[in-house]
file run.txt (compact mmCIF, C-alpha atoms and all ligand atoms)
# COMPACT_ATOMS: atom_id res chain seq x y z
CA MET A 16 31.22 27.64 -41.39
CA PHE A 17 29.57 24.84 -39.46
CA ALA A 18 27.72 25.16 -36.17
CA ARG A 19 29.85 24.20 -33.21
CA PRO A 20 27.95 21.80 -30.97
CA LEU A 21 27.28 23.27 -27.52
CA ILE A 22 25.94 21.13 -24.70
CA ASP A 23 24.45 21.89 -21.30
CA SER A 24 27.04 19.73 -19.58
CA ILE A 25 25.23 18.87 -16.32
CA GLU A 26 21.96 18.13 -18.10
CA PHE A 27 23.90 16.09 -20.66
CA ALA A 28 25.44 13.99 -17.87
CA ARG A 29 22.21 13.63 -15.91
CA ASN A 30 20.35 12.25 -18.90
CA GLY A 31 23.19 10.05 -20.11
CA ARG A 32 23.23 11.69 -23.50
CA THR A 33 25.68 10.85 -26.28
CA LEU A 34 27.06 13.01 -29.06
CA ASN A 35 29.11 11.70 -32.01
CA GLY A 36 30.89 13.65 -34.66
CA GLU A 37 33.90 14.07 -36.83
CA ILE A 38 36.00 17.18 -37.12
CA ALA A 39 38.70 17.98 -39.67
CA VAL A 40 42.04 18.83 -38.07
CA VAL A 41 42.11 21.99 -40.17
CA ASP A 42 39.05 23.18 -38.23
CA LEU A 43 40.94 22.90 -34.93
CA PRO A 44 43.37 25.81 -35.42
CA ARG A 45 45.24 25.55 -32.10
CA LEU A 46 45.90 21.89 -32.79
CA ALA A 47 46.69 22.34 -36.49
CA GLU A 48 49.29 24.96 -35.56
CA SER A 49 51.30 22.42 -33.59
CA LEU A 50 51.26 19.72 -36.28
CA ALA A 51 53.36 19.04 -39.37
CA SER A 52 50.23 19.03 -41.50
CA SER A 53 46.58 19.82 -40.93
CA GLU A 54 45.43 16.84 -42.95
CA GLY A 55 43.24 14.23 -41.37
CA SER A 56 40.25 14.27 -39.11
CA ILE A 57 39.26 13.16 -35.64
CA ARG A 58 36.17 11.18 -34.76
CA TYR A 59 34.81 11.84 -31.31
CA THR A 60 32.14 10.57 -28.97
CA VAL A 61 31.05 12.42 -25.86
CA GLN A 62 28.95 10.50 -23.37
CA GLY A 63 27.42 11.91 -20.22
CA MET A 64 27.06 9.91 -17.03
CA GLN A 65 26.52 10.33 -13.31
CA ALA A 66 28.11 8.24 -10.57
CA ASP A 67 28.24 8.73 -6.80
CA GLY A 68 26.41 12.03 -7.18
CA MET A 69 29.08 13.36 -9.51
CA SER A 70 28.71 14.23 -13.18
CA PHE A 71 31.14 13.08 -15.81
CA LEU A 72 31.78 13.37 -19.51
CA LEU A 73 33.47 10.41 -21.18
CA LEU A 74 35.35 11.54 -24.24
CA ASP A 75 36.63 9.14 -26.89
CA MET A 76 38.69 10.31 -29.83
CA SER A 77 40.28 8.47 -32.72
CA GLY A 78 41.88 9.43 -35.98
CA ILE A 79 45.20 10.48 -37.43
CA CYS A 80 47.43 13.46 -36.68
CA HIS A 81 50.57 14.37 -38.59
CA LEU A 82 53.16 15.29 -35.96
CA ARG A 83 56.62 16.63 -36.73
CA CYS A 84 59.45 14.30 -35.77
CA GLN A 85 61.85 16.20 -33.47
CA ARG A 86 64.85 14.32 -34.86
CA CYS A 87 64.46 14.58 -38.64
CA LEU A 88 61.59 17.12 -38.80
CA GLY A 89 59.77 14.71 -41.07
CA ASP A 90 56.10 13.90 -41.00
CA LEU A 91 55.20 11.41 -38.29
CA VAL A 92 51.84 9.74 -38.72
CA TYR A 93 50.40 9.43 -35.26
CA PRO A 94 47.29 7.36 -34.64
CA VAL A 95 45.07 9.06 -32.08
CA ASP A 96 43.21 6.80 -29.70
CA ILE A 97 42.27 8.67 -26.56
CA ALA A 98 39.71 8.03 -23.87
CA SER A 99 39.29 10.65 -21.14
CA ARG A 100 37.01 10.82 -18.16
CA LEU A 101 36.28 14.37 -17.12
CA GLN A 102 34.47 15.32 -13.97
CA LEU A 103 32.16 18.31 -14.29
CA LEU A 104 32.87 20.75 -11.49
CA GLU A 105 30.63 23.53 -10.24
CA GLY A 106 31.13 26.29 -7.68
CA VAL A 107 32.59 24.81 -4.48
CA ASP A 108 33.88 21.69 -6.24
CA LEU A 109 35.81 23.89 -8.58
CA MET A 110 37.60 25.61 -5.66
CA GLN A 111 38.51 22.24 -4.20
CA ASP A 112 39.92 20.75 -7.36
CA ASP A 113 43.46 20.03 -6.21
CA ASP A 114 44.75 18.00 -9.15
CA SER A 115 45.40 15.12 -6.79
CA ASP A 116 42.86 12.70 -8.26
CA GLU A 117 43.34 10.69 -11.36
CA VAL A 118 40.21 12.18 -12.88
CA ASP A 119 40.56 15.52 -14.60
CA GLY A 120 38.03 18.16 -13.75
CA ILE A 121 36.54 20.73 -16.07
CA GLU A 122 34.19 23.57 -15.30
CA ALA A 123 30.56 22.71 -15.90
CA SER A 124 28.88 24.97 -18.41
CA LYS A 125 25.43 25.40 -19.86
CA GLU A 126 27.08 25.97 -23.22
CA LEU A 127 30.08 23.71 -23.23
CA ASP A 128 31.96 23.89 -26.52
CA VAL A 129 32.43 20.25 -27.44
CA LEU A 130 34.98 20.93 -30.17
CA GLY A 131 36.98 23.15 -27.82
CA LEU A 132 37.01 20.28 -25.35
CA VAL A 133 38.10 17.80 -28.03
CA GLU A 134 40.88 20.19 -29.07
CA ASP A 135 42.04 20.74 -25.45
CA GLU A 136 42.20 17.02 -24.78
CA LEU A 137 44.09 16.36 -28.00
CA LEU A 138 46.62 19.08 -27.20
CA LEU A 139 47.12 17.62 -23.72
CA SER A 140 47.59 14.06 -24.86
CA LEU A 141 49.75 14.33 -27.98
CA PRO A 142 53.44 13.67 -27.28
CA PHE A 143 55.41 16.83 -26.58
CA ALA A 144 58.54 15.81 -28.52
CA PRO A 145 57.50 13.03 -30.91
CA ARG A 146 60.14 11.02 -32.73
CA HIS A 147 60.08 8.29 -35.30
CA ASP A 148 61.22 4.91 -34.10
CA GLU A 149 64.91 4.16 -34.41
CA GLY A 150 65.91 3.82 -38.08
CA VAL A 151 62.70 5.27 -39.45
CA CYS A 152 63.94 8.87 -39.75
CA GLU A 153 66.10 7.97 -42.72
CA LEU A 154 63.10 6.49 -44.49
CA ALA A 155 61.05 9.56 -43.71
CA SER A 156 63.67 11.98 -45.00
CA LYS A 157 63.99 9.97 -48.21
CA SER A 158 60.34 10.60 -48.90
CA LEU A 159 60.63 14.33 -48.22
CA GLY A 160 59.67 16.28 -51.31
CA LYS A 161 57.26 13.56 -52.19
CA ALA A 162 54.41 14.94 -50.15
CA ASP A 163 51.88 12.70 -51.84
CA ASP A 164 53.77 9.58 -50.90
CA ARG A 165 52.68 9.40 -47.27
CA PHE A 166 50.65 6.31 -47.86
CA GLY A 167 53.46 4.66 -49.74
CA MET A 168 55.66 5.44 -46.77
CA LEU A 169 53.14 3.94 -44.42
CA ALA A 170 53.08 0.79 -46.52
CA GLN A 171 56.87 0.64 -46.35
CA LEU A 172 56.77 0.97 -42.60
CA LYS A 173 54.19 -1.79 -42.36
CA ASN A 174 56.38 -4.07 -44.45
CA LYS A 175 59.38 -3.27 -42.33
CA PHE A 176 57.83 -4.31 -39.04
ZN ZN A 201 62.24 11.23 -37.78
call {"tool": "encode", "arguments": {"input": "run.txt", "output": "structure tokens"}}
result
Amino acid sequence: MFARPLIDSIEFARNGRTLNGEIAVVDLPRLAESLASSEGSIRYTVQGMQADGMSFLLLDMSGICHLRCQRCLGDLVYPVDIASRLQLLEGVDLMQDDDSDEVDGIEASKELDVLGLVEDELLLSLPFAPRHDEGVCELASKSLGKADDRFGMLAQLKNKF
């Protein structure tokens, strides 16, 4: 088992710290549960910043998730490329968070679980009912039973478009 990185979120923002890492999808159980396969990994960068007296975490994530197509139930290779700006909220701010701004707020913590945050943001941003593009389902179902042929399938898709 690896150590989960914990950050003191306000201090992290105040000092403009940065944290990089990579996490295997299989180590994000809530996410893995909702995917067609727990293969792949996600690279992430968390950067702290302050602006206008407020504290923020900038979260960048990239990698590959295997979603399940809701039309053919085949494997849908989904490239993750997410950038979120999260405002750290404390006490009174937290009460006043009314979801009306474009910036999402999260509760500031002295021991913020970075991987939990990465997992939450991934779960929020992945499409709820993903589908292959028109005409691709047939291709995907042809390669069913050939679990090792995902990359071949990707190559086919690339050639097609
Ligand atoms: Zn499909």
call {"tool": "closest_atom_pairs", "arguments": {"input": "run.txt", "of": "chain A", "to": "ligand ZN 201 (chain A)", "cutoff": "12 Å", "atoms": "only C-alpha atoms and all ligand atoms", "output": "CSV"}}
result
residue,atom,partner,partner_atom,distance
A:Ala51,CA,A:ZN201,ZN,11.9
A:Leu82,CA,A:ZN201,ZN,10.1
A:Arg83,CA,A:ZN201,ZN,7.9
A:Cys84,CA,A:ZN201,ZN,4.6
A:Gln85,CA,A:ZN201,ZN,6.6
A:Arg86,CA,A:ZN201,ZN,5.0
A:Cys87,CA,A:ZN201,ZN,4.1
A:Leu88,CA,A:ZN201,ZN,6.0
A:Gly89,CA,A:ZN201,ZN,5.4
A:Asp90,CA,A:ZN201,ZN,7.4
A:Leu91,CA,A:ZN201,ZN,7.1
A:Val92,CA,A:ZN201,ZN,10.5
A:Ala144,CA,A:ZN201,ZN,11.0
A:Pro145,CA,A:ZN201,ZN,8.5
A:Arg146,CA,A:ZN201,ZN,5.5
A:His147,CA,A:ZN201,ZN,4.4
A:Asp148,CA,A:ZN201,ZN,7.4
A:Glu149,CA,A:ZN201,ZN,8.3
A:Gly150,CA,A:ZN201,ZN,8.3
A:Val151,CA,A:ZN201,ZN,6.2
A:Cys152,CA,A:ZN201,ZN,3.5
A:Glu153,CA,A:ZN201,ZN,7.1
A:Leu154,CA,A:ZN201,ZN,8.3
A:Ala155,CA,A:ZN201,ZN,6.3
A:Ser156,CA,A:ZN201,ZN,7.4
A:Lys157,CA,A:ZN201,ZN,10.7
A:Ser158,CA,A:ZN201,ZN,11.3
A:Leu159,CA,A:ZN201,ZN,11.0
call {"tool": "residues_near_point", "arguments": {"input": "run.txt", "point": "(42.2, 19.0, -30.1)", "cutoff": "10 Å", "atoms": "only C-alpha atoms", "output": "list in words"}}
result
Ile38, Val40, Asp42, Leu43, Pro44, Arg45, Leu46, Ala47, Ile57, Met76, Leu130, Gly131, Leu132, Val133, Glu134, Asp135, Glu136, Leu137, Leu138, Leu139, Ser140 and Leu141 of chain A
call {"tool": "atom_distance", "arguments": {"input": "run.txt", "atom1": "atom CA of A:Ser24", "atom2": "atom CA of A:Val129"}}
result
9.5 Å
call {"tool": "atom_distance", "arguments": {"input": "run.txt", "atom1": "atom CA of A:Ala39", "atom2": "atom CA of A:Arg58"}}
result
8.8 Å
call {"tool": "atom_distance", "arguments": {"input": "run.txt", "atom1": "atom CA of A:Gly120", "atom2": "atom CA of A:Gln65"}}
result
13.9 Å
call {"tool": "decode", "arguments": {"input": "run.txt", "residues": "stretch 55-68 of chain A", "atoms": "N, CA and C atoms", "output": "compact mmCIF listing (two decimals), in the first residue's frame"}}
result
# COMPACT_ATOMS: atom_id res chain seq x y z
N GLY A 55 -5.24 1.39 -16.84
CA GLY A 55 -4.90 2.77 -17.10
C GLY A 55 -4.53 3.52 -15.84
N SER A 56 -4.06 4.72 -16.02
CA SER A 56 -3.67 5.53 -14.88
C SER A 56 -3.92 7.00 -15.21
N ILE A 57 -3.94 7.79 -14.16
CA ILE A 57 -4.23 9.21 -14.29
C ILE A 57 -3.05 10.01 -13.73
N ARG A 58 -2.55 10.91 -14.52
CA ARG A 58 -1.53 11.84 -14.02
C ARG A 58 -2.24 13.08 -13.49
N TYR A 59 -1.74 13.60 -12.39
CA TYR A 59 -2.41 14.77 -11.83
C TYR A 59 -1.39 15.80 -11.34
N THR A 60 -1.79 17.04 -11.38
CA THR A 60 -1.01 18.13 -10.81
C THR A 60 -1.96 18.97 -9.96
N VAL A 61 -1.58 19.22 -8.74
CA VAL A 61 -2.34 20.13 -7.89
C VAL A 61 -1.45 21.34 -7.63
N GLN A 62 -2.02 22.52 -7.89
CA GLN A 62 -1.25 23.74 -7.65
C GLN A 62 -2.06 24.66 -6.76
N GLY A 63 -1.42 25.19 -5.75
CA GLY A 63 -2.09 26.11 -4.84
C GLY A 63 -1.87 27.54 -5.28
N MET A 64 -2.89 28.39 -5.09
CA MET A 64 -2.71 29.81 -5.38
C MET A 64 -3.69 30.63 -4.56
N GLN A 65 -3.35 31.91 -4.39
CA GLN A 65 -4.28 32.83 -3.74
C GLN A 65 -4.56 33.98 -4.68
N ALA A 66 -5.81 34.45 -4.69
CA ALA A 66 -6.19 35.60 -5.51
C ALA A 66 -7.35 36.30 -4.82
N ASP A 67 -7.28 37.63 -4.77
CA ASP A 67 -8.34 38.42 -4.14
C ASP A 67 -8.66 37.94 -2.73
N GLY A 68 -7.64 37.53 -2.00
CA GLY A 68 -7.84 37.08 -0.63
C GLY A 68 -8.48 35.71 -0.51
